[in-house]
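Q: Here you go, one structure.
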Amino acid sequence: MASRSRTALVDGGRACGNGTGCGHVPDHTWTHSTPCFKGTISDIEICTFTDANFAQGRGASFVMTAKRASYLATHSGFVNPEIIKGVNEDLEPTGPAKYEMREFPGKGMGLVATDHIRRGDLIMGNTVSLMIDYKVFSELPKEQYIQLEAAAFDHLPGPHRSALLKLSTHEETDLPYAARVDKITATNAFDINPDHNDEDQDYAFFVVFPGIARMNHDCRANADYYYDHDTMTQYIHAMRPISPGEEITISYINPKMRRADRMERLKRLWGFDCACHLCTQGRAQAEASDERIDQIKELYPDLRSFQSSSRASPQMAELLISLAEQEMLGGTMYEAYTFAALEYNGIGDAWTATKYARLAIEWGLTTVGEKDGDVNDMKELVVDPWKHWSWMLRTRKKNGWGKEPADDE
């Protein structure tokens with residue numbers, strides 16, 4: 001283990017190994033809140049905050065300022081712990097699991113379905129294990145922030161800490177302890193954007209979920225994930241039927257990329273050459289796939305715009321649906337169905353609009369969650385298409401009726 005300053009929590013107070021004095025975190029009692037370091041750019045104080053009681057004793061650690069940690073502790077997962085009871089099944093399952101861990105040659109450990117999983121089924125949920133404010137990496141030198149990461153691991157309950165330490169480091173095993181923790185974090189973390197009420201919108205979070213981190217990559221994955229800020233939980237749902245013995249995969253990157261771009265990004269960020277079906281198919285098939293991806297990207301600007309100059313139409317939205325189906329972009333289907341609902345409603349076809357809004361809701365619930373703005377917009381459309389904001393909007397704009405809306409309207 002690398003040598004570093006460690007300080008015990010005594011009587012609810014805390015001290016910092018570097019002598020800065022860590023201040024106080026209002027509105028929440030942390031089981032650990034040390035060590036701390038002063039930022040080098042803005043002179044802010046950054047600490048490791050751990051609540052070992054979070055999620056029925058699973059625990060969670062946060063590396064950030066006291067103010068931001070305090071804000072996160074106002075979320076429902078902290079305030080009303082009953083809402084996340086039973087969410088985590090990876091460390092202490094309460095029933096038969098839908099998956100098991102298995103080693104894959106050339107890929108390391110991964111998850112395999114042990115039962116038939118239907119499209120839309122919940123496969124796994126994980127509350128946060130480690131959440132790091134991206135600001136940390138610019139404010140602190142590496143030798144300091146890796147100490148905070150190591151403390152974040154060490155302050156978690158034993159089984160949780162052990163699960164994190166078993167995660168992949170891309171075969172770099174001969175590392176000092178703090179450097180090993182940092183490598184595990186860098187290899188397995190997800191980027192999570194702040195919620196709309198977070199005052200610090202400029203910095204996202206770097207978050208580790210140990211169960212979900214066991215899922216390997218596929219450019220056309222059979223599962224997808226979304227993060228719920230209220231419960232501080234990442235959910236994984238099946239995007240298509242998964243058979244027993246089939247590996248459960250997610251996409252580490254935006255799947256709407258050309259093959260060369262996908263492979264370059266995966267190699268640069270995760271250090272492996274992608275060998276999924278999409279990346280290893282023949283030249284002609286790969287070129288056809290790239291062309292479909294290019295066309296999908298070309299359609300989005302028009303479908304997102306309600307300016308009179310937009311070429312969007314129901315037929316364009318139907319094309320997007322077809323392209324997304326051909327590309328097996330399960331995570332894109334709710335967007336394609338949403339565009340179709342808006343386009344049909346925009347020309348006064350309420351029933352076809354309702355059909356696609358229903359499909360958008362079905363796919364959106366498992367892709368972005370029930371609290372997503374688009375999902376709730378589609379719920380409003382199906383209640384009364386004629387009173388929805390999109391009713392006849394495309395026709396009115398093409399004919400020059402009414403005020404020209406800004407694109408963000």
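Letters for chains follow the order of the structure tokens (A, B, ...), residue numbers begin at 1 for each chain, and ligand numbers begin at 1 in the order shown.
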How would you write, as a ChimeraX atom specification, the set of residues in segment 184-267 of chain A that DSSP gives as strand (DSSP E)?
A: /A:190-192,205-208,216-217,223-228,233-238,247-250
Q: Near Ile123 of chain A, counting only C-alpha atoms, which residues have an atom at most 10 Å away, once you skip same-chain residues fewer than 5 positions from it, shown as a list in words?
A: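 Counting only the stated atoms, we get Glu89, Ala97, Lys98, Tyr99, Ala113, Ile117, Arg118, Ile212, Ala223, Asp224, Tyr225, Tyr235, Ile236, His237, Ala238 and Ile248 of chain A.
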Q: Would you export the selected residues with C-alpha atoms as a PDB file, in the first residue's frame, please?
A:
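Produced file result.pdb, reproduced below:
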ATOM      1  CA  GLU A  89     -28.803  -7.284  -6.055  1.00  0.00           C
ATOM      2  CA  ALA A  97     -30.250 -13.638 -10.470  1.00  0.00           C
ATOM      3  CA  LYS A  98     -30.828 -13.217 -14.201  1.00  0.00           C
ATOM      4  CA  TYR A  99     -27.102 -13.375 -14.831  1.00  0.00           C
ATOM      5  CA  ALA A 113     -27.773 -14.413 -18.877  1.00  0.00           C
ATOM      6  CA  ILE A 117     -34.675 -11.944 -20.489  1.00  0.00           C
ATOM      7  CA  ARG A 118     -37.366 -10.095 -22.411  1.00  0.00           C
ATOM      8  CA  ILE A 212     -22.619  -2.690 -13.961  1.00  0.00           C
ATOM      9  CA  ALA A 223     -28.768  -3.716 -22.929  1.00  0.00           C
ATOM     10  CA  ASP A 224     -28.773  -0.002 -22.200  1.00  0.00           C
ATOM     11  CA  TYR A 225     -28.554   2.146 -19.086  1.00  0.00           C
ATOM     12  CA  TYR A 235     -30.489   1.044 -14.195  1.00  0.00           C
ATOM     13  CA  ILE A 236     -29.805  -1.553 -16.891  1.00  0.00           C
ATOM     14  CA  HIS A 237     -32.647  -2.814 -19.125  1.00  0.00           C
ATOM     15  CA  ALA A 238     -32.679  -5.270 -21.999  1.00  0.00           C
ATOM     16  CA  ILE A 248     -25.137  -9.160 -21.531  1.00  0.00           C
TER      17      ILE A 248
END
Q: Kindly indicate which residue among A:Asn216, A:Gln281, A:Thr233, A:Ser76 lies nearest to Ser251 of chain A, using only C-alpha atoms for the distances.
A: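 Once distances to Ser251 of chain A are computed over only C-alpha atoms, the minimum belongs to A:Asn216.
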Q: Show me, as number ranges by chain, the residues that have an atom within 9 Å of segment 156-161 of chain A when counting only C-alpha atoms, minus same-chain residues fewer than 2 positions from it.
A: A: 50-53, 57-61, 91, 129, 151-154, 163-166, 210
Q: Neighbours of Trp389 of chain A within 10 Å (only C-alpha atoms; same-chain residues fewer than 6 positions away dropped), as a count of residues only?
A: 6
Q: Which value, in Å to one decimal, gives the distance between atom CA of Pro81 of chain A and atom CA of Met124 of chain A?
A: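 Interatomic distance here is 18.3 Å.
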